[in-house]
Amino acid sequence: MLDTNPQNLEALEKWALTRDWFYRYQLPSGAITPGPVDEILRLHEARRDTMLSVLSDRFGDRLSQIDCIDLASHEGFFSFELARRTRSVRGVDVRSDSVEAARKMAILQGVTNTDFVTRNVYDLSVASFPPADFVLLYGLIYHTEDPVRVLRTASELARDTLLIETQVAALELGGDVEWGHYKSRKPIEGIFVVIADDHHREGGTTGIALIPSVSALRFVLGQMGFATVHLIAPPADEPEQLARGRRVIIAAHRTN
């Protein structure tokens, strides 16, 4: 039940104004939380606007009746945007402090149809975590050492649409590899490059990350049963990483 006690809300606001947030929120009093620099804020807004456009195009009048999952939900920013337009949102994040922050911010934002849990995406399965119509996978796979496994889990949880945002490798590789015998060859479908990941709050958990190429993402999602995979073209005013294609947003749909 939503806690609307004025004294409790005042205490939550005081707490929110002392926290260093990765997103920017307006509180019930009108105060704004300490948030990111303008460059990061523009990226969040571009991610949000693209997500809302994909949702509208895909679900139309059915939007208010769909259920959603936000993998790597962080402090809940995109979960709240989803919750204001859909039936329910389940957020999942590996960091308990981010989950607790999202739960408190849900109260301050007056959002009642969200549920945030502390789980590692690697541990999710359809047996213990029911699928949803729409799965959001923003900002995660380029912080993992097993992005294919993360994509497989996300795919299994997505009944209709999976929306991915990720950094991508700046190169593609063609050709083939020998496969068991020099006369047997397999075409290269894409690549993953290895980097040392950061250990800060917005980084990964292992220190190793594999970054996909766009071709690799297209191939993997096709293998996982999506009928269409769309690279979302950024508007002219998108942040420069999206404009240059070093960061991409991809929508994968079960049906055409």
# chains A, B, ... in the order shown; residues from 1 in each chain; ligands from 1
$ closest_atom_pairs --of "region 58-132 of chain A" --to "region 13-18 of chain A" --cutoff "10 Å" --atoms "only C-alpha atoms" --output "JSON lines"
{"residue": "A:Ala101", "atom": "CA", "partner": "A:Ala16", "partner_atom": "CA", "distance": 8.5}
{"residue": "A:Lys104", "atom": "CA", "partner": "A:Ala16", "partner_atom": "CA", "distance": 8.6}
{"residue": "A:Met105", "atom": "CA", "partner": "A:Ala16", "partner_atom": "CA", "distance": 7.9}
{"residue": "A:Leu108", "atom": "CA", "partner": "A:Glu13", "partner_atom": "CA", "distance": 7.5}
$ select_by_dssp --residues "region 7-125 of chain A" --states "strand (DSSP E or B)" --output "ChimeraX atom specification"
/A:26,32,67-71,88-93,114-118
$ residues_around --residues "Leu163 (chain A)" --least-positions-apart "4" --cutoff "7 Å" --atoms "only C-alpha atoms" --output "PyMOL selection string"
chain A and resi 135-137+250-252
$ write_last_selection --atoms "N, CA and C atoms" --output "compact mmCIF listing (two decimals), in the first residue's frame"
# COMPACT_ATOMS: atom_id res chain seq x y z
N VAL A 135 9.84 -6.67 -22.22
CA VAL A 135 11.03 -6.72 -21.36
C VAL A 135 11.99 -5.63 -21.80
N LEU A 136 12.42 -4.84 -20.82
CA LEU A 136 13.39 -3.78 -21.06
C LEU A 136 14.76 -4.24 -20.60
N LEU A 137 15.75 -4.08 -21.47
CA LEU A 137 17.12 -4.49 -21.16
C LEU A 137 18.05 -3.34 -21.53
N ILE A 250 17.86 -1.47 -29.86
CA ILE A 250 17.34 -2.50 -30.77
C ILE A 250 16.05 -3.07 -30.20
N ALA A 251 15.01 -3.14 -31.04
CA ALA A 251 13.73 -3.73 -30.65
C ALA A 251 13.59 -5.08 -31.35
N ALA A 252 13.28 -6.11 -30.56
CA ALA A 252 13.06 -7.45 -31.11
C ALA A 252 11.63 -7.87 -30.78
$ closest_residue --among "A:Thr144, A:Gly110, A:Asp115, A:Asn8" --to "His199 (chain A)" --atoms "only C-alpha atoms"
A:Thr144
$ closest_residue --among "A:Gly30, A:Ala106, A:Ser73, A:Gly180" --to "Val92 (chain A)" --atoms "only C-alpha atoms"
A:Ser73
$ residues_around --residues "Leu210 (chain A)" --least-positions-apart "4" --cutoff "6 Å" --atoms "only C-alpha atoms" --output "list of chain:residue names"
A:Glu145, A:Phe192, A:Val193, A:Val194
$ residues_around --residues "region 230-244 of chain A" --least-positions-apart "3" --cutoff "8 Å" --atoms "only C-alpha atoms" --output "list in words"
Glu39, Arg42, Leu43, Ala46, Arg247, Val248, Ile249, Ile250, Ala251 and Ala252 of chain A
$ write_last_selection --atoms "N, CA and C atoms" --output "CSV table (one decimal), in the first residue's frame"
chain,number,residue,atom,x,y,z
A,39,GLU,N,24.9,16.0,-20.0
A,39,GLU,CA,25.1,15.0,-21.1
A,39,GLU,C,24.5,13.6,-20.7
A,42,ARG,N,20.6,13.9,-20.9
A,42,ARG,CA,20.1,13.9,-22.3
A,42,ARG,C,20.0,12.4,-22.8
A,43,LEU,N,21.0,11.6,-22.4
A,43,LEU,CA,21.0,10.2,-22.8
A,43,LEU,C,19.8,9.5,-22.2
A,46,ALA,N,16.7,10.5,-24.1
A,46,ALA,CA,16.7,9.8,-25.4
A,46,ALA,C,16.3,8.4,-25.3
A,247,ARG,N,26.5,3.5,-29.5
A,247,ARG,CA,25.5,3.0,-28.6
A,247,ARG,C,24.3,2.8,-29.4
A,248,VAL,N,23.5,1.7,-29.3
A,248,VAL,CA,22.4,1.5,-30.1
A,248,VAL,C,21.2,1.0,-29.2
A,249,ILE,N,20.0,1.2,-29.8
A,249,ILE,CA,18.8,0.7,-29.2
A,249,ILE,C,18.1,-0.2,-30.3
A,250,ILE,N,17.9,-1.5,-29.9
A,250,ILE,CA,17.3,-2.5,-30.8
A,250,ILE,C,16.0,-3.1,-30.2
A,251,ALA,N,15.0,-3.1,-31.0
A,251,ALA,CA,13.7,-3.7,-30.7
A,251,ALA,C,13.6,-5.1,-31.3
A,252,ALA,N,13.3,-6.1,-30.6
A,252,ALA,CA,13.1,-7.5,-31.1
A,252,ALA,C,11.6,-7.9,-30.8
$ select_by_dssp --residues "region 16-117 of chain A" --states "helix (DSSP H, G or I)" --output "VMD selection string"
chain A and resid 16 38 to 65 77 to 83 96 to 109
$ write_last_selection --atoms "N, CA and C atoms" --output "short mmCIF file (atom, residue, chain, number, x, y, z; two decimals), in the first residue's frame"
data_model
loop_
_atom_site.label_atom_id
_atom_site.label_comp_id
_atom_site.auth_asym_id
_atom_site.auth_seq_id
_atom_site.Cartn_x
_atom_site.Cartn_y
_atom_site.Cartn_z
N ALA A 16 16.06 11.61 0.02
CA ALA A 16 16.30 11.65 -1.42
C ALA A 16 17.21 12.80 -1.81
N ASP A 38 24.40 17.21 -17.50
CA ASP A 38 23.44 17.37 -18.59
C ASP A 38 23.63 16.33 -19.69
N GLU A 39 24.87 15.95 -19.99
CA GLU A 39 25.13 14.99 -21.05
C GLU A 39 24.48 13.64 -20.74
N ILE A 40 24.61 13.18 -19.49
CA ILE A 40 23.99 11.93 -19.09
C ILE A 40 22.48 12.08 -19.05
N LEU A 41 21.99 13.22 -18.59
CA LEU A 41 20.55 13.46 -18.55
C LEU A 41 19.95 13.38 -19.94
N ARG A 42 20.62 13.93 -20.95
CA ARG A 42 20.11 13.86 -22.32
C ARG A 42 20.05 12.43 -22.81
N LEU A 43 21.03 11.61 -22.41
CA LEU A 43 21.01 10.20 -22.79
C LEU A 43 19.81 9.49 -22.17
N HIS A 44 19.54 9.75 -20.88
CA HIS A 44 18.38 9.15 -20.23
C HIS A 44 17.09 9.55 -20.96
N GLU A 45 16.99 10.82 -21.33
CA GLU A 45 15.78 11.29 -22.00
C GLU A 45 15.63 10.64 -23.37
N ALA A 46 16.74 10.46 -24.09
CA ALA A 46 16.68 9.81 -25.40
C ALA A 46 16.27 8.36 -25.25
N ARG A 47 16.81 7.67 -24.25
CA ARG A 47 16.42 6.28 -23.99
C ARG A 47 14.93 6.20 -23.68
N ARG A 48 14.46 7.10 -22.80
CA ARG A 48 13.05 7.12 -22.43
C ARG A 48 12.15 7.37 -23.63
N ASP A 49 12.46 8.38 -24.41
CA ASP A 49 11.62 8.74 -25.54
C ASP A 49 11.57 7.62 -26.57
N THR A 50 12.71 6.96 -26.80
CA THR A 50 12.72 5.83 -27.74
C THR A 50 11.87 4.69 -27.21
N MET A 51 12.00 4.38 -25.94
CA MET A 51 11.20 3.32 -25.33
C MET A 51 9.71 3.60 -25.49
N LEU A 52 9.30 4.83 -25.20
CA LEU A 52 7.88 5.18 -25.28
C LEU A 52 7.38 5.11 -26.72
N SER A 53 8.22 5.48 -27.68
CA SER A 53 7.84 5.40 -29.08
C SER A 53 7.64 3.95 -29.52
N VAL A 54 8.57 3.07 -29.11
CA VAL A 54 8.46 1.65 -29.46
C VAL A 54 7.20 1.05 -28.83
N LEU A 55 6.94 1.38 -27.57
CA LEU A 55 5.75 0.87 -26.89
C LEU A 55 4.47 1.31 -27.61
N SER A 56 4.40 2.57 -27.96
CA SER A 56 3.21 3.09 -28.62
C SER A 56 3.00 2.43 -29.98
N ASP A 57 4.07 2.30 -30.75
CA ASP A 57 3.96 1.68 -32.07
C ASP A 57 3.56 0.22 -31.98
N ARG A 58 4.09 -0.47 -30.97
CA ARG A 58 3.87 -1.91 -30.88
C ARG A 58 2.51 -2.26 -30.27
N PHE A 59 2.13 -1.57 -29.21
CA PHE A 59 0.95 -1.99 -28.44
C PHE A 59 -0.27 -1.09 -28.60
N GLY A 60 -0.07 0.15 -29.03
CA GLY A 60 -1.19 1.02 -29.31
C GLY A 60 -2.19 1.10 -28.17
N ASP A 61 -3.46 0.83 -28.48
CA ASP A 61 -4.54 0.92 -27.48
C ASP A 61 -4.43 -0.15 -26.39
N ARG A 62 -3.60 -1.17 -26.61
CA ARG A 62 -3.45 -2.25 -25.62
C ARG A 62 -2.41 -1.92 -24.56
N LEU A 63 -1.76 -0.78 -24.69
CA LEU A 63 -0.61 -0.48 -23.83
C LEU A 63 -0.95 -0.56 -22.35
N SER A 64 -2.09 -0.06 -21.95
CA SER A 64 -2.44 -0.04 -20.53
C SER A 64 -2.70 -1.43 -19.97
N GLN A 65 -2.79 -2.44 -20.84
CA GLN A 65 -3.10 -3.80 -20.40
C GLN A 65 -1.90 -4.73 -20.39
N PHE A 77 14.04 4.55 -12.77
CA PHE A 77 13.61 5.62 -13.67
C PHE A 77 12.74 5.11 -14.81
N PHE A 78 13.22 4.10 -15.54
CA PHE A 78 12.45 3.59 -16.67
C PHE A 78 11.27 2.75 -16.21
N SER A 79 11.41 2.09 -15.07
CA SER A 79 10.27 1.35 -14.51
C SER A 79 9.10 2.28 -14.25
N PHE A 80 9.37 3.46 -13.70
CA PHE A 80 8.30 4.41 -13.40
C PHE A 80 7.65 4.91 -14.69
N GLU A 81 8.45 5.16 -15.71
CA GLU A 81 7.88 5.59 -16.99
C GLU A 81 6.97 4.51 -17.57
N LEU A 82 7.40 3.26 -17.45
CA LEU A 82 6.56 2.15 -17.89
C LEU A 82 5.30 2.03 -17.05
N ALA A 83 5.46 2.15 -15.74
CA ALA A 83 4.33 1.93 -14.82
C ALA A 83 3.22 2.95 -15.03
N SER A 96 21.37 -4.29 -4.05
CA SER A 96 20.29 -4.06 -3.10
C SER A 96 20.07 -2.59 -2.80
N ASP A 97 21.15 -1.78 -2.82
CA ASP A 97 20.97 -0.36 -2.54
C ASP A 97 20.17 0.33 -3.64
N SER A 98 20.35 -0.09 -4.89
CA SER A 98 19.57 0.46 -5.98
C SER A 98 18.11 0.04 -5.87
N VAL A 99 17.87 -1.20 -5.49
CA VAL A 99 16.50 -1.69 -5.33
C VAL A 99 15.80 -0.92 -4.21
N GLU A 100 16.48 -0.71 -3.11
CA GLU A 100 15.88 0.03 -2.00
C GLU A 100 15.59 1.47 -2.40
N ALA A 101 16.50 2.07 -3.16
CA ALA A 101 16.27 3.44 -3.63
C ALA A 101 15.06 3.50 -4.56
N ALA A 102 14.91 2.50 -5.42
CA ALA A 102 13.76 2.47 -6.33
C ALA A 102 12.46 2.31 -5.55
N ARG A 103 12.45 1.48 -4.53
CA ARG A 103 11.24 1.30 -3.73
C ARG A 103 10.83 2.59 -3.03
N LYS A 104 11.81 3.31 -2.50
CA LYS A 104 11.50 4.57 -1.82
C LYS A 104 11.05 5.63 -2.82
N MET A 105 11.71 5.66 -3.99
CA MET A 105 11.32 6.65 -4.98
C MET A 105 9.93 6.36 -5.54
N ALA A 106 9.55 5.10 -5.59
CA ALA A 106 8.19 4.76 -6.04
C ALA A 106 7.16 5.42 -5.14
N ILE A 107 7.42 5.45 -3.84
CA ILE A 107 6.51 6.12 -2.90
C ILE A 107 6.47 7.61 -3.19
N LEU A 108 7.64 8.21 -3.38
CA LEU A 108 7.69 9.65 -3.63
C LEU A 108 7.06 10.01 -4.97
N GLN A 109 7.13 9.11 -5.95
CA GLN A 109 6.55 9.37 -7.25
C GLN A 109 5.06 9.01 -7.32
#
$ residues_around --residues "Gly91 (chain A)" --least-positions-apart "3" --cutoff "8 Å" --atoms "only C-alpha atoms" --output "JSON, numbers by chain"
{"A": [69, 70, 71, 72, 73, 76, 79, 114, 115, 116, 117]}
$ closest_residue --among "A:Glu178, A:Asp123, A:Asp20, A:Asp133" --to "Thr86 (chain A)" --atoms "only C-alpha atoms"
A:Asp133
$ closest_residue --among "A:Glu202, A:Glu156, A:His143, A:Pro28" --to "Arg95 (chain A)" --atoms "only C-alpha atoms"
A:Glu202
$ residues_around --residues "Gln223 (chain A)" --least-positions-apart "2" --cutoff "12 Å" --atoms "only C-alpha atoms" --output "count of residues only"
18
